[in-house]
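Engineer: What follows is run.csv, CSV, C-alpha atoms.
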```csv
chain,number,residue,atom,x,y,z
A,7,MET,CA,-51.8,-93.4,-28.7
A,8,LEU,CA,-54.5,-91.1,-27.4
A,9,GLU,CA,-55.5,-92.5,-24.0
A,10,PRO,CA,-58.6,-91.1,-22.2
A,11,LYS,CA,-56.4,-89.8,-19.4
A,12,ILE,CA,-54.2,-87.8,-21.8
A,13,LEU,CA,-57.3,-86.4,-23.5
A,14,LYS,CA,-58.7,-85.3,-20.1
A,15,GLU,CA,-55.5,-83.8,-18.8
A,16,TYR,CA,-54.2,-82.0,-21.9
A,17,PHE,CA,-57.2,-81.4,-24.2
A,18,PHE,CA,-59.4,-79.6,-21.8
A,19,GLY,CA,-56.5,-78.0,-20.0
A,20,PHE,CA,-55.2,-76.7,-23.4
A,21,LEU,CA,-58.6,-75.2,-24.1
A,22,VAL,CA,-58.9,-73.5,-20.7
A,23,ASP,CA,-55.3,-72.1,-21.0
A,24,ARG,CA,-56.2,-70.5,-24.4
A,25,PRO,CA,-59.6,-68.8,-24.1
A,26,TYR,CA,-59.7,-67.9,-27.8
A,27,LEU,CA,-59.4,-71.6,-28.7
A,28,LEU,CA,-62.1,-72.4,-26.3
A,29,PHE,CA,-64.5,-69.9,-27.9
A,30,GLU,CA,-63.5,-71.1,-31.4
A,31,PHE,CA,-64.2,-74.7,-30.3
A,32,LEU,CA,-67.6,-73.7,-28.9
A,33,ALA,CA,-68.4,-71.7,-32.1
A,34,GLY,CA,-67.8,-74.9,-34.1
A,35,PHE,CA,-70.7,-76.5,-32.2
A,36,ILE,CA,-73.2,-73.7,-33.0
A,37,PRO,CA,-74.0,-74.6,-36.7
A,38,ILE,CA,-74.5,-78.3,-35.9
A,39,ILE,CA,-76.8,-77.5,-32.9
A,40,VAL,CA,-78.8,-75.1,-35.1
A,41,CYS,CA,-79.0,-77.8,-37.8
A,42,LEU,CA,-80.4,-80.3,-35.3
A,43,CYS,CA,-82.7,-78.1,-33.4
A,44,TYR,CA,-83.8,-74.9,-35.2
A,45,SER,CA,-83.8,-75.8,-38.9
A,46,LYS,CA,-87.3,-76.8,-40.1
A,47,THR,CA,-86.4,-77.7,-43.7
A,48,THR,CA,-86.1,-81.1,-45.2
A,49,TRP,CA,-82.8,-82.9,-45.7
A,50,GLN,CA,-82.9,-82.2,-49.4
A,51,ASN,CA,-83.1,-78.4,-49.1
A,52,SER,CA,-79.9,-77.7,-47.3
A,53,LYS,CA,-77.9,-81.0,-47.1
A,54,ILE,CA,-74.7,-79.3,-48.3
A,55,LEU,CA,-74.9,-76.9,-45.3
A,56,TYR,CA,-75.6,-79.8,-43.0
A,57,ILE,CA,-72.6,-81.7,-44.2
A,58,TYR,CA,-70.4,-78.6,-44.0
A,59,SER,CA,-71.5,-78.0,-40.4
A,60,ALA,CA,-70.7,-81.7,-39.6
A,61,PHE,CA,-67.2,-81.2,-41.1
A,62,ILE,CA,-66.6,-78.0,-39.0
A,63,PHE,CA,-67.7,-80.0,-35.9
A,64,LEU,CA,-65.3,-82.8,-36.7
A,65,LEU,CA,-62.4,-80.5,-37.6
A,66,GLU,CA,-62.7,-78.7,-34.2
A,67,ILE,CA,-62.5,-82.0,-32.4
A,68,ILE,CA,-59.7,-83.7,-34.4
A,69,GLY,CA,-57.6,-80.4,-34.8
A,70,GLY,CA,-58.0,-79.7,-31.1
A,71,VAL,CA,-56.8,-83.2,-30.1
A,72,PHE,CA,-53.8,-83.0,-32.4
A,73,SER,CA,-52.7,-79.6,-31.2
A,74,ALA,CA,-53.3,-80.5,-27.5
A,75,ASN,CA,-50.9,-83.4,-28.0
A,76,SER,CA,-48.3,-81.0,-29.6
A,77,LYS,CA,-48.7,-82.7,-33.0
A,78,LEU,CA,-48.7,-80.8,-36.3
A,79,ASN,CA,-52.3,-80.3,-37.3
A,80,HIS,CA,-51.7,-78.2,-40.4
A,81,PHE,CA,-52.4,-81.1,-42.7
A,82,ILE,CA,-55.9,-81.6,-41.2
A,83,TYR,CA,-56.6,-77.9,-42.0
A,84,LEU,CA,-55.4,-78.4,-45.5
A,85,TRP,CA,-57.7,-81.4,-46.0
A,86,PHE,CA,-60.5,-79.2,-44.5
A,87,TYR,CA,-59.7,-76.4,-47.1
A,88,PHE,CA,-59.9,-79.1,-49.8
A,89,ILE,CA,-63.4,-80.4,-48.7
A,90,GLU,CA,-64.6,-76.9,-47.7
A,91,SER,CA,-64.0,-75.5,-51.2
A,92,ILE,CA,-65.8,-78.4,-52.9
A,93,LEU,CA,-68.8,-78.1,-50.6
A,94,LEU,CA,-69.1,-74.3,-50.9
A,95,VAL,CA,-68.7,-74.4,-54.7
A,96,TYR,CA,-71.4,-77.1,-54.9
A,97,TYR,CA,-73.7,-74.9,-52.6
A,98,TYR,CA,-73.3,-71.8,-54.8
A,99,LYS,CA,-73.8,-73.9,-58.0
A,100,LYS,CA,-77.2,-75.0,-56.7
A,101,GLU,CA,-78.2,-71.6,-55.5
A,102,ILE,CA,-77.3,-69.4,-58.5
A,103,LEU,CA,-78.2,-70.5,-62.0
A,104,SER,CA,-75.9,-68.7,-64.4
A,105,ASP,CA,-73.5,-70.0,-66.9
A,106,PHE,CA,-70.9,-67.4,-66.3
A,107,PHE,CA,-71.1,-67.9,-62.6
A,108,HIS,CA,-70.7,-71.7,-63.0
A,109,LYS,CA,-67.6,-71.1,-65.1
A,110,LEU,CA,-66.1,-68.9,-62.4
A,111,LEU,CA,-66.9,-71.5,-59.8
A,112,VAL,CA,-65.2,-74.3,-61.8
A,113,MET,CA,-62.1,-72.1,-62.5
A,114,SER,CA,-61.7,-71.1,-58.8
A,115,LEU,CA,-62.3,-74.6,-57.7
A,116,ILE,CA,-59.5,-75.9,-59.9
A,117,LEU,CA,-57.2,-73.1,-58.8
A,118,VAL,CA,-57.9,-73.9,-55.1
A,119,LEU,CA,-57.6,-77.6,-55.5
A,120,VAL,CA,-54.2,-77.3,-57.3
A,121,ALA,CA,-52.9,-75.0,-54.6
A,122,VAL,CA,-54.1,-77.1,-51.7
A,123,SER,CA,-52.9,-80.4,-53.3
A,124,TYR,CA,-49.4,-78.8,-53.9
A,125,ASN,CA,-49.3,-78.0,-50.2
A,126,LEU,CA,-50.7,-81.4,-49.2
A,127,PHE,CA,-48.3,-83.5,-51.2
A,128,PHE,CA,-45.1,-81.3,-51.6
A,129,GLY,CA,-45.0,-78.5,-49.1
A,130,ILE,CA,-46.4,-79.9,-45.9
A,131,GLY,CA,-43.2,-79.6,-43.9
A,132,LEU,CA,-42.6,-76.1,-45.1
A,133,MET,CA,-46.1,-75.0,-44.1
A,134,ASP,CA,-46.5,-73.1,-47.3
A,135,ASN,CA,-48.8,-70.2,-47.1
A,136,TYR,CA,-50.2,-69.7,-50.6
A,137,SER,CA,-53.1,-72.2,-50.6
A,138,GLY,CA,-55.0,-70.3,-47.9
A,139,SER,CA,-54.5,-67.0,-49.7
A,140,ILE,CA,-55.5,-68.4,-53.1
A,141,GLN,CA,-58.6,-69.9,-51.5
A,142,SER,CA,-59.4,-66.6,-49.8
A,143,LEU,CA,-59.0,-64.7,-53.1
A,144,ALA,CA,-61.2,-67.2,-55.0
A,145,PHE,CA,-64.0,-67.1,-52.4
A,146,ILE,CA,-63.9,-63.2,-52.1
A,147,SER,CA,-64.5,-63.0,-55.9
A,148,ILE,CA,-67.2,-65.7,-55.7
A,149,SER,CA,-69.1,-63.9,-52.9
A,150,ILE,CA,-68.9,-60.5,-54.7
A,151,MET,CA,-70.2,-62.1,-57.9
A,152,CYS,CA,-72.9,-63.8,-55.9
A,153,PHE,CA,-74.0,-60.4,-54.5
A,154,TYR,CA,-74.0,-59.0,-58.0
A,155,TYR,CA,-76.4,-61.8,-59.1
A,156,ILE,CA,-78.6,-61.3,-56.0
A,157,LEU,CA,-78.9,-57.5,-57.0
A,158,SER,CA,-79.3,-58.1,-60.7
A,159,LYS,CA,-82.0,-60.8,-60.5
A,160,LEU,CA,-83.9,-59.6,-57.5
A,161,ALA,CA,-85.3,-63.1,-56.9
A,162,ILE,CA,-85.1,-62.8,-53.1
A,163,LYS,CA,-87.6,-60.4,-51.7
A,164,ASN,CA,-86.4,-60.3,-48.1
A,165,LEU,CA,-82.6,-60.5,-48.0
A,166,LEU,CA,-82.3,-60.8,-44.3
A,167,LYS,CA,-84.5,-63.9,-44.2
A,168,SER,CA,-82.6,-65.8,-46.9
A,169,THR,CA,-80.0,-68.5,-46.3
A,170,LEU,CA,-77.8,-67.5,-49.3
A,171,PHE,CA,-77.3,-63.9,-48.0
A,172,TRP,CA,-76.1,-64.9,-44.6
A,173,VAL,CA,-73.8,-67.8,-45.8
A,174,ASN,CA,-72.4,-65.4,-48.4
A,175,THR,CA,-71.8,-62.6,-45.9
A,176,GLY,CA,-70.1,-65.0,-43.6
A,177,ASN,CA,-67.8,-66.2,-46.4
A,178,LEU,CA,-67.0,-62.6,-47.5
A,179,VAL,CA,-66.1,-61.5,-43.9
A,180,TYR,CA,-64.1,-64.7,-43.1
A,181,PHE,CA,-62.1,-64.9,-46.3
A,182,SER,CA,-61.3,-61.2,-46.6
A,183,GLY,CA,-60.0,-61.2,-43.0
A,184,ARG,CA,-58.0,-64.3,-43.6
A,185,PHE,CA,-56.2,-63.2,-46.8
A,186,PHE,CA,-53.3,-61.2,-45.3
A,187,ILE,CA,-52.9,-63.6,-42.3
A,188,CYS,CA,-52.5,-66.6,-44.7
A,189,LEU,CA,-50.2,-64.6,-47.0
A,190,TYR,CA,-47.7,-64.0,-44.2
A,191,ILE,CA,-48.2,-67.0,-42.0
A,192,LEU,CA,-44.7,-68.4,-42.8
A,193,GLU,CA,-43.1,-65.0,-41.8
A,194,ILE,CA,-45.3,-64.9,-38.6
A,195,MET,CA,-44.1,-68.4,-37.6
A,196,ASN,CA,-40.5,-67.6,-38.4
A,197,ASN,CA,-40.5,-64.4,-36.4
A,198,LYS,CA,-42.3,-65.7,-33.3
A,199,LYS,CA,-40.0,-63.6,-31.0
A,200,TYR,CA,-40.7,-60.3,-32.7
A,201,ILE,CA,-44.3,-60.7,-33.7
A,202,ASP,CA,-47.2,-61.1,-31.3
A,203,LEU,CA,-48.3,-64.6,-32.4
A,204,GLU,CA,-51.2,-64.8,-29.9
A,205,GLY,CA,-52.7,-61.6,-31.4
A,206,TYR,CA,-53.0,-63.2,-34.8
A,207,TRP,CA,-54.6,-66.4,-33.5
A,208,TYR,CA,-57.1,-64.0,-31.8
A,209,ILE,CA,-57.9,-62.5,-35.2
A,210,VAL,CA,-58.2,-66.0,-36.8
A,211,SER,CA,-60.5,-67.3,-34.0
A,212,GLY,CA,-62.6,-64.1,-34.1
A,213,LEU,CA,-63.1,-64.6,-37.8
A,214,LEU,CA,-64.0,-68.3,-37.4
A,215,ILE,CA,-66.5,-67.4,-34.7
A,216,PHE,CA,-68.1,-64.8,-37.0
A,217,HIS,CA,-68.2,-67.2,-39.9
A,218,ARG,CA,-69.9,-70.0,-37.9
A,219,ILE,CA,-72.4,-67.6,-36.3
A,220,PHE,CA,-73.4,-66.3,-39.8
A,221,LEU,CA,-73.6,-69.9,-41.1
A,222,ALA,CA,-75.9,-70.7,-38.2
A,223,ILE,CA,-78.1,-67.7,-38.8
A,224,GLY,CA,-78.3,-68.8,-42.5
A,225,ILE,CA,-79.3,-72.4,-41.6
A,226,SER,CA,-81.9,-71.2,-39.1
A,227,ASN,CA,-83.4,-68.9,-41.8
A,228,SER,CA,-83.8,-71.8,-44.1
A,229,LYS,CA,-87.3,-72.3,-42.7
A,230,TYR,CA,-88.3,-69.1,-44.6
A,231,SER,CA,-87.0,-70.6,-47.9
A,232,ASN,CA,-88.5,-69.2,-51.1
A,233,THR,CA,-89.5,-65.8,-49.5
B,285,MET,CA,-39.0,-61.2,-49.1
B,286,ASN,CA,-36.7,-58.9,-47.2
B,287,GLN,CA,-39.1,-57.4,-44.8
B,288,SER,CA,-38.5,-56.9,-41.1
B,289,ALA,CA,-40.9,-58.4,-38.6
B,290,GLU,CA,-42.3,-55.0,-37.7
B,291,GLU,CA,-43.1,-54.2,-41.3
B,292,ILE,CA,-44.8,-57.6,-41.7
B,293,ALA,CA,-46.9,-56.9,-38.6
B,294,GLN,CA,-47.8,-53.5,-39.9
B,295,ILE,CA,-48.8,-54.9,-43.3
B,296,ILE,CA,-51.0,-57.6,-41.7
B,297,LYS,CA,-52.7,-55.1,-39.4
B,298,ILE,CA,-53.4,-52.5,-42.1
B,299,GLY,CA,-54.3,-55.1,-44.7
B,300,THR,CA,-56.7,-57.0,-42.5
B,301,THR,CA,-58.4,-53.8,-41.3
B,302,PHE,CA,-58.9,-52.5,-44.8
B,303,MET,CA,-60.1,-55.9,-46.1
B,304,LEU,CA,-62.7,-56.2,-43.3
B,305,LEU,CA,-63.8,-52.6,-43.8
B,306,GLY,CA,-64.2,-53.3,-47.5
B,307,ALA,CA,-66.3,-56.4,-46.8
B,308,GLY,CA,-68.5,-54.3,-44.4
B,309,ILE,CA,-69.0,-51.6,-47.0
B,310,VAL,CA,-69.9,-54.2,-49.7
B,311,ILE,CA,-72.4,-55.9,-47.4
B,312,SER,CA,-74.1,-52.6,-46.4
B,313,LEU,CA,-74.2,-51.4,-50.0
B,314,VAL,CA,-75.8,-54.6,-51.1
B,315,LEU,CA,-78.5,-54.4,-48.4
B,316,TYR,CA,-79.2,-50.7,-49.2
B,317,PHE,CA,-79.5,-51.1,-53.0
B,318,HIS,CA,-81.4,-54.3,-52.7
B,319,ASN,CA,-84.0,-52.6,-50.5
B,320,LYS,CA,-84.2,-49.6,-52.8
B,321,MET,CA,-84.6,-51.8,-55.9
B,322,ILE,CA,-87.3,-54.0,-54.3
B,323,ASN,CA,-89.2,-50.8,-53.2
B,324,ILE,CA,-89.0,-49.4,-56.8
B,325,ARG,CA,-90.3,-52.7,-58.2
B,326,LEU,CA,-93.2,-52.8,-55.7
B,327,LYS,CA,-94.3,-49.3,-56.6
```
As structure tokens, how would this structure be written, given the file I've shared?
Structural biologist:
Amino acid sequence: MLEPKILKEYFFGFLVDRPYLLFEFLAGFIPIIVCLCYSKTTWQNSKILYIYSAFIFLLEIIGGVFSANSKLNHFIYLWFYFIESILLVYYYKKEILSDFFHKLLVMSLILVLVAVSYNLFFGIGLMDNYSGSIQSLAFISISIMCFYYILSKLAIKNLLKSTLFWVNTGNLVYFSGRFFICLYILEIMNNKKYIDLEGYWYIVSGLLIFHRIFLAIGISNSKYSNT
Amino acid sequence: MNQSAEEIAQIIKIGTTFMLLGAGIVISLVLYFHNKMINIRLK
């Protein structure tokens, strides 16, 4: 199926032809490198972020190989949304101890899982666009509520040296930028001739790079935990 | 949806710009007010 020669010829050629994909691919490595080299915490403290970074790393490789061989990689991204939502909700649940916030987390998780499972099992050929938008909306509301709890409890003294702030900022920027693109992705794909498709992939890649850099800063700040 | 390709492109451009601007404003407001409240508490 995927011989080493094909990988060498198409995979790396594909990345060099599309510089935005190359940068996105490199950005996927940043969190895992930071996890391995610059984070000084124990495994227990930030294991969710470690697992999340490992998933990002795997997604870049598997998604890249599929798209390099001109195969549909949308279902890989759907599985990634599925796992990403569970991991992020678990992370927020550990960080913020509030009953109302936990209810909001469970509600948004159910909403996201229903939308993503619908796409996974019924709408995969159609490349439905609603699961991405619903996930974006859910995580925008979760991050804004998280900021509200940070401000109301004042448990963190130095916001710029905390992990939660950076992870939350990355999520807010990434999901608010992705909302409109996911909402209209079907129309974008159907109007390839009239819409500058590359431009939108540049936006998506830029957002992904921002998200991964913020995540990496958050993980590297975990050495100042409880300050 | 009966929108033309140009309209969709316009909606995405304007929508994404405003969403990102909103996110930036929220983050800067949080940083500003957090700093202010921590200073009040320390006084």
Engineer: Using only C-alpha atoms - which residues lie no farther than 12 Å from the point (-74.4, -76.1, -57.0) in the file's frame? Write them as a list in words.
Structural biologist: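 Neighbouring residues, ordered by chain and number, come to Asn51, Ser52, Lys53, Ile54, Leu55, Ser91, Ile92, Leu93, Leu94, Val95, Tyr96, Tyr97, Tyr98, Lys99, Lys100, Glu101, Ile102, Leu103, Ser104, Asp105, Phe107, His108, Lys109, Leu111 and Val112 of chain A.
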Engineer: Do you have, as CSV, the list of residues of chain A lying at most 8 Å from chain B, each with its nearest atom pair and that distance in Å to one decimal, counting all atoms listed in the file and ordered by chain then number?
Structural biologist:
```
residue,atom,partner,partner_atom,distance
A:Phe153,CA,B:Val314,CA,7.0
A:Leu157,CA,B:His318,CA,5.9
A:Leu160,CA,B:Ile322,CA,7.3
A:Lys163,CA,B:Ile322,CA,6.9
A:Leu165,CA,B:Leu315,CA,7.4
A:Thr175,CA,B:Ile311,CA,6.9
A:Leu178,CA,B:Ala307,CA,6.3
A:Val179,CA,B:Ala307,CA,5.9
A:Ser182,CA,B:Met303,CA,5.5
A:Gly183,CA,B:Thr300,CA,5.4
A:Arg184,CA,B:Thr300,CA,7.5
A:Phe185,CA,B:Thr300,CA,7.6
A:Phe186,CA,B:Ile296,CA,5.6
A:Ile187,CA,B:Ile296,CA,6.3
A:Tyr190,CA,B:Ile292,CA,7.5
A:Glu193,CA,B:Ile292,CA,7.6
A:Ile194,CA,B:Ala289,CA,7.8
A:Asn197,CA,B:Ala289,CA,6.4
A:Tyr200,CA,B:Ala289,CA,6.2
A:Ile201,CA,B:Ala289,CA,6.4
```
Engineer: Using all atoms listed in the file, which residues sit within 6 Å of Gly34 in chain A once same-chain residues fewer than 2 positions away are excluded, as a ChimeraX atom specification?
Structural biologist: /A:31-32,36,62-63
Engineer: Go ahead and dump the residues you just picked, C-alpha atoms, as a JSON list (two decimals), keeping the file's coordinate frame.
Structural biologist:
```json
[["chain", "number", "residue", "atom", "x", "y", "z"],
["A", 31, "PHE", "CA", -64.20, -74.70, -30.30],
["A", 32, "LEU", "CA", -67.60, -73.70, -28.90],
["A", 36, "ILE", "CA", -73.20, -73.70, -33.00],
["A", 62, "ILE", "CA", -66.60, -78.00, -39.00],
["A", 63, "PHE", "CA", -67.70, -80.00, -35.90]]
```
Engineer: Report as AutoDock Vina command-line options the centre and the edge lengths, in Å to one decimal, of the axis-aligned box holding every listed atom of range 29-47 of chain A, padded by 6 Å on each side.
Structural biologist:
```
--center_x -75.4 --center_y -75.1 --center_z -35.8 --size_x 35.8 --size_y 22.4 --size_z 27.8
```
Engineer: To one decimal place in Å, what is the distance between CA of Leu221 in chain A and CA of Tyr180 in chain A?
Structural biologist: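 Taking CA of Leu221 in chain A as the start and CA of Tyr180 in chain A as the end point, the length is 11.0 Å.
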Engineer: Please measure the separation of CA of Tyr316 in chain B and CA of Ser149 in chain A, giving the value in Å to one decimal.
Structural biologist: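 Pair CA of Tyr316 in chain B / CA of Ser149 in chain A returns 17.0 Å.
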Engineer: Identify, on the basis of all atoms listed in the file, every residue whose closest approach to Glu204 in chain A does not exceed 12 Å; exclude the query and any residue fewer than 2 positions from it along the same chain; express the result as a VMD selection string.
Structural biologist: chain A and resid 24 to 27 194 to 195 198 to 202 206 to 211
Engineer: Do you have the CA of His217 in chain A-CA of Glu291 in chain B distance handy?
Structural biologist: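 It comes out at 28.3 Å.
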Engineer: Which one of A:Tyr44, A:Met151, A:Arg218, A:Met113 sits closest to Phe61 in chain A if you count only C-alpha atoms?
Structural biologist: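 Smallest separation from Phe61 in chain A among the options: A:Arg218.
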Engineer: Which is closest to Thr169 in chain A among A:Ile57, A:Cys188, A:Ile225, A:Leu65, if we use all atoms listed in the file?
Structural biologist: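 That would be A:Ile225, the residue with the smallest distance to Thr169 in chain A.
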Engineer: Write out as a ChimeraX atom specification which residues come within 12 Å of Phe86 in chain A when counting all atoms listed in the file, dropping same-chain ones fewer than 3 positions away.
Structural biologist: /A:58-66,68-69,79-83,89-94,119,122-123,126,137-138,141
Engineer: Do you know which residues lie at most 12 Å from (-82.1, -74.0, -32.5), with coordinates as in the file and all atoms listed in the file counted, and could you write them as an mmCIF file with C-alpha atoms, keeping the file's coordinate frame?
Structural biologist:
```
data_model
loop_
_atom_site.group_PDB
_atom_site.id
_atom_site.type_symbol
_atom_site.label_atom_id
_atom_site.label_comp_id
_atom_site.auth_asym_id
_atom_site.auth_seq_id
_atom_site.Cartn_x
_atom_site.Cartn_y
_atom_site.Cartn_z
ATOM 1 C CA PHE A 35 -70.700 -76.500 -32.200
ATOM 2 C CA ILE A 36 -73.200 -73.700 -33.000
ATOM 3 C CA PRO A 37 -74.000 -74.600 -36.700
ATOM 4 C CA ILE A 38 -74.500 -78.300 -35.900
ATOM 5 C CA ILE A 39 -76.800 -77.500 -32.900
ATOM 6 C CA VAL A 40 -78.800 -75.100 -35.100
ATOM 7 C CA CYS A 41 -79.000 -77.800 -37.800
ATOM 8 C CA LEU A 42 -80.400 -80.300 -35.300
ATOM 9 C CA CYS A 43 -82.700 -78.100 -33.400
ATOM 10 C CA TYR A 44 -83.800 -74.900 -35.200
ATOM 11 C CA SER A 45 -83.800 -75.800 -38.900
ATOM 12 C CA LYS A 46 -87.300 -76.800 -40.100
ATOM 13 C CA ALA A 222 -75.900 -70.700 -38.200
ATOM 14 C CA ILE A 223 -78.100 -67.700 -38.800
ATOM 15 C CA GLY A 224 -78.300 -68.800 -42.500
ATOM 16 C CA ILE A 225 -79.300 -72.400 -41.600
ATOM 17 C CA SER A 226 -81.900 -71.200 -39.100
ATOM 18 C CA ASN A 227 -83.400 -68.900 -41.800
ATOM 19 C CA SER A 228 -83.800 -71.800 -44.100
ATOM 20 C CA LYS A 229 -87.300 -72.300 -42.700
#
```
Engineer: Please complete range 169-188 of chain A with N, CA and C atoms and give it back as a PDB file, in the coordinates of the input.
Structural biologist:
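After the write, part.pdb holds the following:
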```
ATOM      1  N   THR A 169     -81.201 -67.740 -46.755  1.00  0.00           N
ATOM      2  CA  THR A 169     -80.000 -68.500 -46.300  1.00  0.00           C
ATOM      3  C   THR A 169     -78.775 -68.007 -47.102  1.00  0.00           C
ATOM      4  N   LEU A 170     -78.968 -67.803 -48.421  1.00  0.00           N
ATOM      5  CA  LEU A 170     -77.800 -67.500 -49.300  1.00  0.00           C
ATOM      6  C   LEU A 170     -77.125 -66.202 -48.816  1.00  0.00           C
ATOM      7  N   PHE A 171     -77.903 -65.159 -48.443  1.00  0.00           N
ATOM      8  CA  PHE A 171     -77.300 -63.900 -48.000  1.00  0.00           C
ATOM      9  C   PHE A 171     -76.388 -64.079 -46.820  1.00  0.00           C
ATOM     10  N   TRP A 172     -76.871 -64.800 -45.824  1.00  0.00           N
ATOM     11  CA  TRP A 172     -76.100 -64.900 -44.600  1.00  0.00           C
ATOM     12  C   TRP A 172     -74.849 -65.811 -44.808  1.00  0.00           C
ATOM     13  N   VAL A 173     -75.000 -66.886 -45.569  1.00  0.00           N
ATOM     14  CA  VAL A 173     -73.800 -67.800 -45.800  1.00  0.00           C
ATOM     15  C   VAL A 173     -72.794 -66.971 -46.633  1.00  0.00           C
ATOM     16  N   ASN A 174     -73.277 -66.192 -47.613  1.00  0.00           N
ATOM     17  CA  ASN A 174     -72.400 -65.400 -48.400  1.00  0.00           C
ATOM     18  C   ASN A 174     -71.677 -64.307 -47.653  1.00  0.00           C
ATOM     19  N   THR A 175     -72.430 -63.641 -46.753  1.00  0.00           N
ATOM     20  CA  THR A 175     -71.800 -62.600 -45.900  1.00  0.00           C
ATOM     21  C   THR A 175     -70.764 -63.195 -45.009  1.00  0.00           C
ATOM     22  N   GLY A 176     -71.070 -64.337 -44.415  1.00  0.00           N
ATOM     23  CA  GLY A 176     -70.100 -65.000 -43.600  1.00  0.00           C
ATOM     24  C   GLY A 176     -68.829 -65.336 -44.332  1.00  0.00           C
ATOM     25  N   ASN A 177     -68.989 -65.844 -45.556  1.00  0.00           N
ATOM     26  CA  ASN A 177     -67.800 -66.200 -46.400  1.00  0.00           C
ATOM     27  C   ASN A 177     -67.003 -64.943 -46.707  1.00  0.00           C
ATOM     28  N   LEU A 178     -67.688 -63.853 -47.085  1.00  0.00           N
ATOM     29  CA  LEU A 178     -67.000 -62.600 -47.500  1.00  0.00           C
ATOM     30  C   LEU A 178     -66.151 -62.094 -46.309  1.00  0.00           C
ATOM     31  N   VAL A 179     -66.753 -62.019 -45.125  1.00  0.00           N
ATOM     32  CA  VAL A 179     -66.100 -61.500 -43.900  1.00  0.00           C
ATOM     33  C   VAL A 179     -64.886 -62.399 -43.574  1.00  0.00           C
ATOM     34  N   TYR A 180     -65.140 -63.698 -43.539  1.00  0.00           N
ATOM     35  CA  TYR A 180     -64.100 -64.700 -43.100  1.00  0.00           C
ATOM     36  C   TYR A 180     -62.924 -64.679 -44.068  1.00  0.00           C
ATOM     37  N   PHE A 181     -63.208 -64.772 -45.374  1.00  0.00           N
ATOM     38  CA  PHE A 181     -62.100 -64.900 -46.300  1.00  0.00           C
ATOM     39  C   PHE A 181     -61.363 -63.584 -46.513  1.00  0.00           C
ATOM     40  N   SER A 182     -62.073 -62.430 -46.414  1.00  0.00           N
ATOM     41  CA  SER A 182     -61.300 -61.200 -46.600  1.00  0.00           C
ATOM     42  C   SER A 182     -60.459 -60.909 -45.357  1.00  0.00           C
ATOM     43  N   GLY A 183     -60.874 -61.363 -44.178  1.00  0.00           N
ATOM     44  CA  GLY A 183     -60.000 -61.200 -43.000  1.00  0.00           C
ATOM     45  C   GLY A 183     -58.850 -62.143 -43.003  1.00  0.00           C
ATOM     46  N   ARG A 184     -59.027 -63.310 -43.632  1.00  0.00           N
ATOM     47  CA  ARG A 184     -58.000 -64.300 -43.600  1.00  0.00           C
ATOM     48  C   ARG A 184     -56.889 -64.161 -44.617  1.00  0.00           C
ATOM     49  N   PHE A 185     -57.156 -63.321 -45.629  1.00  0.00           N
ATOM     50  CA  PHE A 185     -56.200 -63.200 -46.800  1.00  0.00           C
ATOM     51  C   PHE A 185     -54.811 -62.851 -46.359  1.00  0.00           C
ATOM     52  N   PHE A 186     -54.670 -61.716 -45.620  1.00  0.00           N
ATOM     53  CA  PHE A 186     -53.300 -61.200 -45.300  1.00  0.00           C
ATOM     54  C   PHE A 186     -52.647 -62.135 -44.253  1.00  0.00           C
ATOM     55  N   ILE A 187     -53.450 -62.740 -43.357  1.00  0.00           N
ATOM     56  CA  ILE A 187     -52.900 -63.600 -42.300  1.00  0.00           C
ATOM     57  C   ILE A 187     -52.273 -64.862 -42.996  1.00  0.00           C
ATOM     58  N   CYS A 188     -53.012 -65.434 -43.979  1.00  0.00           N
ATOM     59  CA  CYS A 188     -52.500 -66.600 -44.700  1.00  0.00           C
ATOM     60  C   CYS A 188     -51.297 -66.277 -45.534  1.00  0.00           C
TER      61      CYS A 188
END
```
